[in-house]
Amino acid sequence: MIALIIRDVRLGIRSGGSGLIGVLFFLSVVAVTPFAIGPDLNLLAQIGPAILWIGALLASLLGLDRLFQIDLEDGSLDVLVLARHDQPLALTVFSKCVAHWLITGLPLVIAAPLFGILLNMPLEATAATTATLLMGTPAITFIGAMGASVTATLPRGGLLVSVIVLPFVIPVLIFGVQAALGATLAGVPFMQPFLFLCATTLFFCVLGPLSAGYALRQLEG
Amino acid sequence: MIALIIRDVRLGIRSGGSGLIGVLFFLSVVAVTPFAIGPDLNLLAQIGPAILWIGALLASLLGLDRLFQIDLEDGSLDVLVLARHDQPLALTVFSKCVAHWLITGLPLVIAAPLFGILLNMPLEATAATTATLLMGTPAITFIGAMGASVTATLPRGGLLVSVIVLPFVIPVLIFGVQAALGATLAGVPFMQPFLFLCATTLFFCVLGPLSAGYALRQLEG
Amino acid sequence: MLIGAMKWDDMRLVVEDLYVSRGGRTIFEGVRFELARGQGLIVTGPNGAGKSTLLRAIAGFLPLDRGSVSVLPNADPVWVHAHFLNTFNAMKTALTVAENLSFHQQFTGAAALGVEDALERVGLLHVLDNRFGDLSTGQRRRVALARLLLNHRPIWLIDEPTTGLDKASEATFARILAEHLNGDGLVVAATHLPIDVPGVKSLRFEEAPV
Amino acid sequence: MLIGAMKWDDMRLVVEDLYVSRGGRTIFEGVRFELARGQGLIVTGPNGAGKSTLLRAIAGFLPLDRGSVSVLPNADPVWVHAHFLNTFNAMKTALTVAENLSFHQQFTGAAALGVEDALERVGLLHVLDNRFGDLSTGQRRRVALARLLLNHRPIWLIDEPTTGLDKASEATFARILAEHLNGDGLVVAATHLPIDVPGVKSLRFEEAPV
Amino acid sequence: MSHMTFVLLSYGITILILGGLVAWLWLDASATRADLARLETQGVKRRSEVS
Amino acid sequence: MSAPRKPSGFGALANPTRFMALSAKILPWLWGIASLLIGVGLLWAWNAPEDYQQGITVRIMYVHVPSAWMAMFIYMVLAVSALGVLIWRHPLADVSIRAAVPLGAAFTLICLITGSLWGRPMWGTWWVWDARLTSVFVLFLMYLGIFALQRAMDDPVKAARPAAILVLVGVINIPIIRFSVDWWNTLHQPASVIRFDGPTIHPTMLWPLLICGIGFTVLFFAMHMLGMRNIVRRRRVEGLRRAGTRDATAKPMRVIVEEGGTS
Ligand code: HEM
Ligand SMILES: Nc1ncnc2c1ncn2[C@@H]1O[C@H](COP(=O)(O)OP(=O)(O)OP(=O)(O)O)[C@@H](O)[C@H]1O
Ligand SMILES: Nc1ncnc2c1ncn2[C@@H]1O[C@H](COP(=O)(O)OP(=O)(O)OP(=O)(O)O)[C@@H](O)[C@H]1O
Ligand SMILES: [Mg+2]
Ligand SMILES: [Mg+2]
């Protein structure tokens, strides 16, 4: 398990900045927003969390489609599937998700505070958003694993995976933005949606690997 | 040349990237936004163009970074490069770009009006956005091709790509959005950014293939 | 792996009346054989006959139309006890040979040889720190073979193990195979190139007479 | 292609004093040979000796430390006249065999055989409409070989053409090779498996550099 | 627009979509039936020749 | 994995053949009942009293609500069929999914369109990003997603299991969306969200509504069955065509096992 995580992280770093691409995409999302909604700073600050979340959400779709394809193409998926007695497939998928998140998700979380400043969000809003991203982005990866597993046999499922994944991540997005707003806006609770967010993540961190593992065992019908 | 375009489009479709899926992809991206920024229609209408443009950027980035990688891995890149006497590499790259745009950019342009309604953007805004997308999205592809060629040639190219690509892409994004807004918002010019957009596209539709073609010939060592 | 270790001495791989189809077409019918410890089976036949399909079916990657594959005495599924080597090498080109091998060592239980020793066996110790992607075709294949030595698995299912190998390496591999068999291993190998290992069974695919 | 066609009758592939290094290591030094029309060169040697490197250098994929490769009489670069077949198959798994081949036919100039005829030659007409990804290892390689017949290129640079082929197909390919040579073609082939084509030169790498 | 138009529109569109579906299914049915009949009568041929 | 399974290809068609025979008998009746119910329901609906606050537009309800129900019901049909694919390995389960997905999408689309046609006069806008609306929209997206996945893989046999898995995971998505929706509703924006609960329905409206609902359901089953028949037929056609290639007609290879000397 650890071995797999280490390998995938190494790969991510070696093959060069899939993480960075995500961050830069994230950046470009943040960059265009002011032009879109005009100079109104309050408004900007107000929808800041939403923008950050959309950016992070879409950014973490990058590279998701390759999650299992690479292993399928060079034959290592056979090894992973064959070893399912020593290490259950769900666990294998889980490890790959962790690695993928470390490469693509974590950089986004780290970058978020800076971008918060760009959107001149109040400090606690930035903090809250970062916290929600930290809790929320893993869920996206886990859901993504499910999408990636059912499209693994397709050479390049990029768009398709996103289409499959997006409906599922909506609750995550909702709770995330909610909690982020809760930190600043009066009358909006923070804890409640935040806990829901954590719950959702936990839920998918079980469902995602299980379903993906099951799908991977069915690849050759 | 035609042959290459046909092949890549086929490939895109087979591997889950048909026009239908392209449209679906943007539908889901658009559908996700209101969940984040809430149901305020005016706000939605305002950032509508930005959302579409961001969607376009994401769609292009998905899979664009591997534009040549795929051909490298299965050995067909050797064939493309070897044939550079019958068909100059720049032309080859150009064809691949066209194919990629047909799969990712075109569906968006066609479906844009529909999205305009969903985000209840005013008519001329929708029209303007569609126009800017039509003129602008090719630029993203051509710029991306430059990056992709580097990824294919250098083992660690990934980092470079993002560094190369996004500095060029962000301005395109911004001008696109501005032009789109220019159609409706008072005080924001339409023609000026729009013309700039066209200029960029033309510029990169020459520079992109040329530089990418050059990079590909430097394959090893 | 304990399961394997426990019943080690009287382990048998039993394939009974196997029917497998692919893409809606039946590839082979009623394949049956049995291997005891120390026995090997060489699968030969023309291209597209079904050698790889047979191996994948045994390894449990393909649904069986009919028949069964199991490891007696206690009817474990094959994948509990088996190494599977497909025609790809299951290595990451971006990582070094050492990184690739040590991953496999840690990922699959029951460590046997160390990474260096395994490489030594295939005579490639000098590429330990090269990117796998910088190796030559045959070197890659030999590294992939070294993987089998990293972890102890009684059953080896190997598909065209010697493709791209030079004469010397073919001999080396034949030796490795023989040792595995003498060490009470079981081997099913699909190949076009004769592997000279004494006293192995053979399974031949032939055009059915029309 | 015209260039090639014009000077067709006295075409010569000349390799002079070739030095190539990879990853900072010199792979071979001072390789020199010359092929006239109808002549073939079989390159052999241990794994990692430099066979593929030599082919890639000739095809112009690698920078030359020293020496030159050219096609006389009018010193064209090799890639104007050559087919190059690397150890991969240059086919898309998602497309059918027919789609793959007809792409190559249209993309590379000077059409020779039609797609179906070329497949017929390698005895795989029946997989015309199968996904390439659904073919067996050897079937894939044979389709890749069929590509060489689609377009007329006098010079063939082929790397381990017969890996994964069954005995029958090896013979078929030997025949194809012989015909190409009789048709005034030039061939440089790297291989471990003996290819029995009468009267070809051979270039042997003795010891793999360590 | 009067409310009536909305009602009629919605009924119309519903009928259009459902009717379209049914029509498509029927056409498809006859088409496949025809294909099957043809193949079964003419017997087995190489695929590239069939259609 | 190594559990014995029914032979795919021609062998598996025995069961479908029975289905073809049976459905051929049932189908006409289904069409009849469906058209009857829907006809009666709509006529009754037309004569039902107008709603005091919604006026004549309430008539939209009789197509809107049933289609909304169908949108959700059909997904459940999908889910059951998915179980059929993955667990019982029934050869028709996959066919059922393929036939049902477009229908589900269609009914969802009708729900959306009639809804917004209703919304225009009632709420003064075609579309609101309101909870229920959006959730239906997402459901629509999910139907299309499954459809896309099926079409992306050229070999239906290979597409069956992934699609089934996606369907099953999607089941969880429906309640999730519906719940999360409430949270999302309480967003801060002075939203133009119309809090909408259906009018307390008066029996004179309820009856025709129910009849229409049943009618739509029967209609769905009729279309579903016809769709399945088409797919079964098309697969036979494909089978015959594939049989046209020598590869497929070629008998499976003969297998000869020989003992070697003992090592
Ligand atoms: C695009 C817009 C709309 C969509 C997507 C939509 C969707 C739905 C759905 C999914 C249901 C079924 C709820 C359930 O049974 O669980 C429903 C029921 C209903 N809708 Fe709509 N609706 C829309 C617009 C409207 C409008 C504008 C009205 C009237 C002003 C309306 C009135 C009703 C009524 C009366 C019911 C039945 C009562 C109930 O089940 O709550 N809908 N709608
Ligand atoms: N994924 C697949 N889907 C459908 N058919 C397949 C698939 N893989 C292989 N086949 C078909 O099954 C048959 C047997 O393939 P297999 O790979 O077992 O042959 P093989 O004996 O290994 O041949 P080779 O010597 O070339 O490796 C071939 O006709 C091939 O076309
Ligand atoms: N891209 C590369 N970068 C650095 N070194 C390389 C690269 N490719 C190959 N080499 C090294 O160059 C040497 C020759 O490789 P080459 O592929 O030519 O061997 P070969 O004769 O083809 O061997 P084989 O019979 O296994 O194909 C090997 O030692 C290999 O490690
Ligand atoms: Mg094989
Ligand atoms: Mg080589």
# chains A, B, ... in the order shown; residues from 1 in each chain; ligands from 1
>>> calpha_fit_and_write(fixed="chain B", moving="chain A", output="short mmCIF file (atom, residue, chain, number, x, y, z; two decimals) with C-alpha atoms, in the first residue's frame")
data_model
loop_
_atom_site.label_atom_id
_atom_site.label_comp_id
_atom_site.auth_asym_id
_atom_site.auth_seq_id
_atom_site.Cartn_x
_atom_site.Cartn_y
_atom_site.Cartn_z
CA MET A 1 -2.58 16.56 -44.50
CA ILE A 2 -6.24 15.79 -45.06
CA ALA A 3 -5.38 12.14 -44.51
CA LEU A 4 -3.88 12.95 -41.13
CA ILE A 5 -6.88 15.03 -40.09
CA ILE A 6 -9.24 12.25 -41.09
CA ARG A 7 -7.19 9.65 -39.24
CA ASP A 8 -7.02 11.63 -36.02
CA VAL A 9 -10.70 12.53 -36.09
CA ARG A 10 -11.54 8.87 -36.65
CA LEU A 11 -9.30 7.93 -33.75
CA GLY A 12 -10.91 10.50 -31.52
CA ILE A 13 -14.36 9.18 -32.32
CA ARG A 14 -13.42 5.50 -32.15
CA SER A 15 -11.56 5.66 -28.87
CA GLY A 16 -14.68 7.28 -27.64
CA GLY A 17 -15.81 10.68 -26.53
CA SER A 18 -12.74 12.58 -25.47
CA GLY A 19 -14.89 15.34 -26.90
CA LEU A 20 -17.83 14.34 -24.77
CA ILE A 21 -15.76 14.27 -21.59
CA GLY A 22 -14.78 17.84 -22.37
CA VAL A 23 -18.39 18.90 -22.85
CA LEU A 24 -19.49 17.21 -19.65
CA PHE A 25 -16.68 18.84 -17.71
CA PHE A 26 -17.79 22.09 -19.28
CA LEU A 27 -21.30 21.32 -18.12
CA SER A 28 -20.22 20.63 -14.57
CA VAL A 29 -18.39 23.96 -14.46
CA VAL A 30 -21.55 25.73 -15.56
CA ALA A 31 -23.58 23.66 -13.13
CA VAL A 32 -21.67 24.61 -9.99
CA THR A 33 -21.45 28.32 -10.67
CA PRO A 34 -24.99 29.20 -9.56
CA PHE A 35 -24.34 27.42 -6.28
CA ALA A 36 -21.12 29.34 -5.90
CA ILE A 37 -22.38 32.85 -6.52
CA GLY A 38 -25.84 32.36 -5.10
CA PRO A 39 -29.24 33.17 -6.52
CA ASP A 40 -28.44 36.64 -7.87
CA LEU A 41 -29.60 36.20 -11.49
CA ASN A 42 -28.22 39.49 -12.82
CA LEU A 43 -24.80 38.76 -11.42
CA LEU A 44 -25.04 35.30 -12.90
CA ALA A 45 -25.89 36.68 -16.30
CA GLN A 46 -23.16 39.26 -15.90
CA ILE A 47 -20.31 36.87 -15.33
CA GLY A 48 -21.86 34.26 -17.60
CA PRO A 49 -19.39 34.83 -20.44
CA ALA A 50 -16.50 34.58 -18.02
CA ILE A 51 -17.79 31.29 -16.66
CA LEU A 52 -18.32 29.89 -20.14
CA TRP A 53 -14.81 30.90 -21.11
CA ILE A 54 -13.19 29.43 -18.04
CA GLY A 55 -15.13 26.23 -18.56
CA ALA A 56 -14.20 26.00 -22.23
CA LEU A 57 -10.59 26.91 -21.55
CA LEU A 58 -10.09 24.25 -18.90
CA ALA A 59 -12.10 21.68 -20.83
CA SER A 60 -9.88 22.09 -23.88
CA LEU A 61 -6.88 21.22 -21.74
CA LEU A 62 -8.24 17.68 -21.48
CA GLY A 63 -6.44 15.25 -23.75
CA LEU A 64 -3.96 17.86 -24.88
CA ASP A 65 -1.06 15.97 -23.30
CA ARG A 66 -1.78 12.92 -25.44
CA LEU A 67 -1.58 14.87 -28.69
CA PHE A 68 1.86 13.50 -29.65
CA GLN A 69 2.39 10.82 -27.02
CA ILE A 70 0.07 8.35 -28.75
CA ASP A 71 2.05 8.70 -31.97
CA LEU A 72 5.31 8.43 -30.08
CA GLU A 73 4.27 5.25 -28.29
CA ASP A 74 3.13 3.28 -31.35
CA GLY A 75 5.98 4.48 -33.53
CA SER A 76 3.89 6.51 -35.97
CA LEU A 77 5.64 9.71 -34.91
CA ASP A 78 8.74 8.39 -36.66
CA VAL A 79 6.72 8.18 -39.85
CA LEU A 80 5.37 11.70 -39.46
CA VAL A 81 8.82 13.13 -38.76
CA LEU A 82 10.47 11.18 -41.54
CA ALA A 83 7.96 12.44 -44.08
CA ARG A 84 8.90 16.06 -43.38
CA HIS A 85 10.16 16.45 -46.93
CA ASP A 86 6.76 15.68 -48.46
CA GLN A 87 4.90 17.42 -45.66
CA PRO A 88 6.66 19.95 -43.44
CA LEU A 89 6.40 19.11 -39.76
CA ALA A 90 4.68 22.39 -38.98
CA LEU A 91 1.96 21.39 -41.40
CA THR A 92 1.70 17.95 -39.79
CA VAL A 93 1.33 19.53 -36.37
CA PHE A 94 -1.21 21.95 -37.80
CA SER A 95 -3.28 19.08 -39.15
CA LYS A 96 -3.19 17.29 -35.83
CA CYS A 97 -4.28 20.50 -34.13
CA VAL A 98 -7.20 20.89 -36.52
CA ALA A 99 -8.28 17.32 -35.85
CA HIS A 100 -7.89 17.78 -32.10
CA TRP A 101 -9.95 20.94 -32.21
CA LEU A 102 -12.68 19.28 -34.24
CA ILE A 103 -12.93 16.58 -31.59
CA THR A 104 -12.57 18.61 -28.41
CA GLY A 105 -13.02 22.29 -29.27
CA LEU A 106 -15.95 22.22 -31.64
CA PRO A 107 -18.28 20.33 -29.30
CA LEU A 108 -17.61 22.99 -26.69
CA VAL A 109 -18.53 25.76 -29.11
CA ILE A 110 -21.70 23.93 -30.07
CA ALA A 111 -22.62 23.31 -26.44
CA ALA A 112 -21.98 26.90 -25.39
CA PRO A 113 -25.39 28.34 -26.46
CA LEU A 114 -27.27 25.79 -24.38
CA PHE A 115 -25.18 26.54 -21.35
CA GLY A 116 -25.71 30.23 -21.99
CA ILE A 117 -29.38 29.57 -21.40
CA LEU A 118 -28.62 27.71 -18.18
CA LEU A 119 -26.81 30.79 -16.96
CA ASN A 120 -29.75 32.85 -18.21
CA MET A 121 -27.51 35.07 -20.26
CA PRO A 122 -29.20 37.53 -22.67
CA LEU A 123 -29.32 36.24 -26.21
CA GLU A 124 -26.77 38.52 -27.80
CA ALA A 125 -24.37 37.81 -24.95
CA THR A 126 -24.71 34.10 -25.65
CA ALA A 127 -24.23 34.69 -29.35
CA ALA A 128 -21.18 36.85 -28.75
CA THR A 129 -19.65 34.35 -26.33
CA THR A 130 -20.17 31.52 -28.80
CA ALA A 131 -18.56 33.58 -31.53
CA THR A 132 -15.55 34.38 -29.36
CA LEU A 133 -15.24 30.73 -28.36
CA LEU A 134 -15.35 29.75 -32.00
CA MET A 135 -12.51 32.12 -32.74
CA GLY A 136 -10.62 31.58 -29.51
CA THR A 137 -10.55 27.86 -28.75
CA PRO A 138 -8.36 27.03 -31.76
CA ALA A 139 -5.67 29.25 -30.27
CA ILE A 140 -5.75 27.15 -27.11
CA THR A 141 -5.17 24.00 -29.17
CA PHE A 142 -2.28 25.56 -31.08
CA ILE A 143 -0.62 26.75 -27.90
CA GLY A 144 -1.34 23.35 -26.41
CA ALA A 145 0.50 21.69 -29.29
CA MET A 146 3.60 23.60 -28.25
CA GLY A 147 3.22 22.44 -24.67
CA ALA A 148 2.47 18.87 -25.74
CA SER A 149 5.52 18.73 -27.99
CA VAL A 150 8.00 19.67 -25.26
CA THR A 151 6.48 17.11 -22.89
CA ALA A 152 5.95 14.40 -25.52
CA THR A 153 8.61 12.13 -24.02
CA LEU A 154 6.85 12.08 -20.66
CA PRO A 155 4.45 9.17 -20.29
CA ARG A 156 1.68 11.28 -18.78
CA GLY A 157 2.28 15.01 -18.89
CA GLY A 158 -1.30 16.03 -18.11
CA LEU A 159 -0.77 18.50 -15.29
CA LEU A 160 2.57 19.69 -16.61
CA VAL A 161 1.18 20.55 -20.03
CA SER A 162 -1.59 22.58 -18.41
CA VAL A 163 0.96 24.41 -16.27
CA ILE A 164 2.99 25.25 -19.34
CA VAL A 165 0.02 26.20 -21.47
CA LEU A 166 -2.08 28.31 -19.10
CA PRO A 167 0.15 31.41 -18.96
CA PHE A 168 0.10 31.57 -22.73
CA VAL A 169 -3.65 31.37 -23.12
CA ILE A 170 -4.29 34.29 -20.78
CA PRO A 171 -4.36 36.89 -23.56
CA VAL A 172 -6.82 34.73 -25.48
CA LEU A 173 -8.99 34.50 -22.42
CA ILE A 174 -8.83 38.24 -21.82
CA PHE A 175 -9.81 39.22 -25.36
CA GLY A 176 -12.46 36.54 -25.47
CA VAL A 177 -14.25 37.58 -22.30
CA GLN A 178 -13.81 41.21 -23.24
CA ALA A 179 -15.48 40.84 -26.62
CA ALA A 180 -18.23 38.69 -25.13
CA LEU A 181 -18.98 41.39 -22.57
CA GLY A 182 -18.69 44.04 -25.25
CA ALA A 183 -21.81 42.67 -26.90
CA THR A 184 -24.02 43.52 -23.95
CA LEU A 185 -22.42 46.09 -21.69
CA ALA A 186 -22.59 49.71 -22.64
CA GLY A 187 -19.26 51.41 -23.03
CA VAL A 188 -17.38 48.21 -23.71
CA PRO A 189 -16.38 47.76 -27.36
CA PHE A 190 -16.99 44.41 -29.05
CA MET A 191 -15.15 44.63 -32.34
CA GLN A 192 -11.82 45.80 -31.04
CA PRO A 193 -11.12 42.94 -28.60
CA PHE A 194 -12.74 40.50 -31.01
CA LEU A 195 -10.30 41.46 -33.72
CA PHE A 196 -7.48 41.19 -31.22
CA LEU A 197 -8.74 37.71 -30.42
CA CYS A 198 -8.66 36.71 -34.06
CA ALA A 199 -5.19 38.20 -34.37
CA THR A 200 -3.96 36.22 -31.38
CA THR A 201 -5.41 33.02 -32.79
CA LEU A 202 -3.78 33.65 -36.15
CA PHE A 203 -0.50 34.41 -34.43
CA PHE A 204 -0.49 31.18 -32.45
CA CYS A 205 -1.76 29.15 -35.39
CA VAL A 206 1.62 30.00 -36.90
CA LEU A 207 3.85 30.02 -33.83
CA GLY A 208 2.35 26.90 -32.26
CA PRO A 209 2.91 24.48 -35.16
CA LEU A 210 6.32 25.96 -35.96
CA SER A 211 7.69 25.62 -32.44
CA ALA A 212 6.03 22.25 -31.92
CA GLY A 213 7.42 20.96 -35.19
CA TYR A 214 10.84 22.13 -34.22
CA ALA A 215 10.55 20.47 -30.81
CA LEU A 216 9.43 17.18 -32.34
CA ARG A 217 12.51 17.07 -34.54
CA GLN A 218 14.65 17.47 -31.41
CA LEU A 219 12.99 14.73 -29.39
CA GLU A 220 16.05 12.48 -29.27
CA GLY A 221 18.87 14.64 -28.08
#
>>> residues_near_ligand(ligand="ligand 5", cutoff="8 Å", atoms="only C-alpha atoms and all ligand atoms", output="list of chain:residue names")
C:Ser136, C:Thr137, C:Gly138, C:Gly164, D:Asn47, D:Gly48, D:Gly50, D:Lys51, D:Ser52, D:Thr53, D:Thr87, D:Asp159, D:Glu160, D:Ala190
>>> write_last_selection(atoms="all heavy atoms", output="tab-separated table (two decimals), in the first residue's frame")
chain	number	residue	atom	x	y	z
C	136	SER	N	17.15	-1.12	-23.44
C	136	SER	CA	16.85	-1.70	-24.74
C	136	SER	C	15.72	-2.73	-24.58
C	136	SER	O	15.42	-3.16	-23.47
C	136	SER	CB	18.07	-2.39	-25.31
C	136	SER	OG	18.24	-3.63	-24.68
C	137	THR	N	15.12	-3.10	-25.70
C	137	THR	CA	13.98	-4.03	-25.67
C	137	THR	C	14.27	-5.25	-24.81
C	137	THR	O	13.51	-5.59	-23.91
C	137	THR	CB	13.67	-4.50	-27.10
C	137	THR	OG1	13.81	-3.40	-27.98
C	137	THR	CG2	12.27	-5.07	-27.18
C	138	GLY	N	15.41	-5.90	-25.10
C	138	GLY	CA	15.73	-7.13	-24.41
C	138	GLY	C	16.04	-6.88	-22.94
C	138	GLY	O	15.64	-7.65	-22.07
C	164	GLY	N	12.56	-11.03	-27.54
C	164	GLY	CA	13.53	-9.95	-27.51
C	164	GLY	C	14.81	-10.29	-26.80
C	164	GLY	O	15.75	-9.49	-26.77
D	47	ASN	N	21.70	-8.19	-26.21
D	47	ASN	CA	20.82	-7.12	-25.76
D	47	ASN	C	21.64	-5.92	-25.32
D	47	ASN	O	22.65	-6.08	-24.65
D	47	ASN	CB	19.96	-7.59	-24.57
D	47	ASN	CG	19.02	-8.71	-24.98
D	47	ASN	OD1	18.88	-9.67	-24.27
D	47	ASN	ND2	18.40	-8.56	-26.14
D	48	GLY	N	21.17	-4.76	-25.73
D	48	GLY	CA	21.85	-3.54	-25.30
D	48	GLY	C	23.10	-3.23	-26.08
D	48	GLY	O	23.87	-2.35	-25.72
D	50	GLY	N	23.29	-2.18	-29.30
D	50	GLY	CA	23.15	-0.94	-30.04
D	50	GLY	C	22.46	-1.12	-31.38
D	50	GLY	O	22.52	-0.25	-32.23
D	51	LYS	N	21.79	-2.24	-31.56
D	51	LYS	CA	21.12	-2.51	-32.84
D	51	LYS	C	20.04	-1.45	-33.12
D	51	LYS	O	20.07	-0.77	-34.14
D	51	LYS	CB	20.48	-3.90	-32.81
D	51	LYS	CG	21.49	-5.01	-32.56
D	51	LYS	CD	20.86	-6.37	-32.56
D	51	LYS	CE	19.92	-6.59	-31.40
D	51	LYS	NZ	20.65	-6.54	-30.10
D	52	SER	N	19.13	-1.31	-32.18
D	52	SER	CA	18.06	-0.34	-32.39
D	52	SER	C	18.63	1.06	-32.53
D	52	SER	O	18.18	1.86	-33.35
D	52	SER	CB	17.08	-0.39	-31.21
D	52	SER	OG	16.64	-1.70	-31.03
D	53	THR	N	19.65	1.33	-31.71
D	53	THR	CA	20.27	2.65	-31.80
D	53	THR	C	20.80	2.90	-33.20
D	53	THR	O	20.57	3.97	-33.78
D	53	THR	CB	21.42	2.74	-30.78
D	53	THR	OG1	20.91	2.41	-29.49
D	53	THR	CG2	22.01	4.13	-30.76
D	87	THR	N	10.15	-1.27	-32.62
D	87	THR	CA	9.66	-2.47	-31.92
D	87	THR	C	8.20	-2.31	-31.51
D	87	THR	O	7.53	-3.27	-31.18
D	87	THR	CB	10.51	-2.75	-30.66
D	87	THR	OG1	10.73	-1.50	-29.99
D	87	THR	CG2	11.85	-3.34	-31.05
D	159	ASP	N	13.18	-3.15	-37.06
D	159	ASP	CA	13.76	-3.55	-35.79
D	159	ASP	C	13.01	-4.75	-35.24
D	159	ASP	O	11.81	-4.66	-34.94
D	159	ASP	CB	13.70	-2.37	-34.81
D	159	ASP	CG	14.60	-2.60	-33.61
D	159	ASP	OD1	15.20	-3.69	-33.53
D	159	ASP	OD2	14.70	-1.69	-32.78
D	160	GLU	N	13.68	-5.88	-35.12
D	160	GLU	CA	13.09	-7.11	-34.62
D	160	GLU	C	11.72	-7.38	-35.24
D	160	GLU	O	10.71	-7.48	-34.55
D	160	GLU	CB	12.96	-7.04	-33.10
D	160	GLU	CG	14.29	-6.68	-32.46
D	160	GLU	CD	14.36	-7.04	-30.98
D	160	GLU	OE1	13.49	-7.79	-30.52
D	160	GLU	OE2	15.28	-6.55	-30.31
D	190	ALA	N	17.36	-5.44	-37.75
D	190	ALA	CA	17.98	-5.88	-36.50
D	190	ALA	C	17.15	-7.04	-35.96
D	190	ALA	O	15.93	-6.96	-35.94
D	190	ALA	CB	17.99	-4.74	-35.49
>>> residues_near_ligand(ligand="ligand 1", cutoff="8 Å", atoms="only C-alpha atoms and all ligand atoms", output="PyMOL selection string")
chain F and resi 54+58+61+64-66+68-69+71-72+108+111-123+126-128+132-137+196-199+201
>>> closest_residue(among="F:Phe216, F:Tyr75, F:Leu22, F:Gln150", to="Leu18 in chain E", atoms="only C-alpha atoms")
F:Phe216
>>> closest_atom_pairs(of="chain D", to="ligand 3", cutoff="12 Å", atoms="only C-alpha atoms and all ligand atoms", output="tab-separated table")
residue	atom	partner	partner_atom_place_in_ligand_line	distance
D:Val20	CA	ligand 3	12 (O)	9.6
D:Ser21	CA	ligand 3	12 (O)	7.8
D:Arg22	CA	ligand 3	4 (C)	4.6
D:Gly23	CA	ligand 3	4 (C)	4.0
D:Gly24	CA	ligand 3	4 (C)	7.6
D:Arg25	CA	ligand 3	5 (N)	7.5
D:Thr26	CA	ligand 3	12 (O)	8.4
D:Ile27	CA	ligand 3	13 (C)	6.0
D:Phe28	CA	ligand 3	14 (C)	8.9
D:Val43	CA	ligand 3	21 (O)	8.7
D:Thr44	CA	ligand 3	21 (O)	7.7
D:Gly45	CA	ligand 3	21 (O)	6.3
D:Pro46	CA	ligand 3	25 (O)	5.7
D:Asn47	CA	ligand 3	26 (O)	3.7
D:Gly48	CA	ligand 3	19 (O)	3.4
D:Ala49	CA	ligand 3	21 (O)	3.9
D:Gly50	CA	ligand 3	18 (O)	3.1
D:Lys51	CA	ligand 3	21 (O)	3.6
D:Ser52	CA	ligand 3	22 (O)	3.7
D:Thr53	CA	ligand 3	18 (O)	3.7
D:Leu54	CA	ligand 3	18 (O)	6.4
D:Leu55	CA	ligand 3	18 (O)	8.0
D:Arg56	CA	ligand 3	18 (O)	8.4
D:Ala57	CA	ligand 3	18 (O)	9.7
D:Ile58	CA	ligand 3	18 (O)	12.0
D:Phe61	CA	ligand 3	1 (N)	11.1
D:Leu62	CA	ligand 3	1 (N)	9.8
D:Asn86	CA	ligand 3	22 (O)	10.0
D:Thr87	CA	ligand 3	27 (O)	8.3
D:Phe88	CA	ligand 3	27 (O)	11.6
D:Ile158	CA	ligand 3	22 (O)	11.3
D:Asp159	CA	ligand 3	22 (O)	7.9
D:Glu160	CA	ligand 3	27 (O)	7.6
D:Pro161	CA	ligand 3	27 (O)	11.3
D:Thr163	CA	ligand 3	27 (O)	10.9
D:Ala189	CA	ligand 3	22 (O)	11.0
D:Ala190	CA	ligand 3	22 (O)	7.6
D:Thr191	CA	ligand 3	25 (O)	7.3
D:His192	CA	ligand 3	25 (O)	7.0
D:Leu193	CA	ligand 3	25 (O)	10.6
D:Leu203	CA	ligand 3	21 (O)	11.6
D:Arg204	CA	ligand 3	21 (O)	10.1
D:Phe205	CA	ligand 3	21 (O)	8.0
D:Glu206	CA	ligand 3	21 (O)	10.5
D:Glu207	CA	ligand 3	21 (O)	10.4
D:Ala208	CA	ligand 3	29 (O)	7.4
D:Pro209	CA	ligand 3	29 (O)	6.9
D:Val210	CA	ligand 3	29 (O)	7.6
>>> interface_residues(of="chain C", to="chain A", cutoff="7 Å", atoms="only C-alpha atoms", output="number ranges by chain")
C: 61-63, 79-80, 86, 88-91, 94-95, 103, 106-109
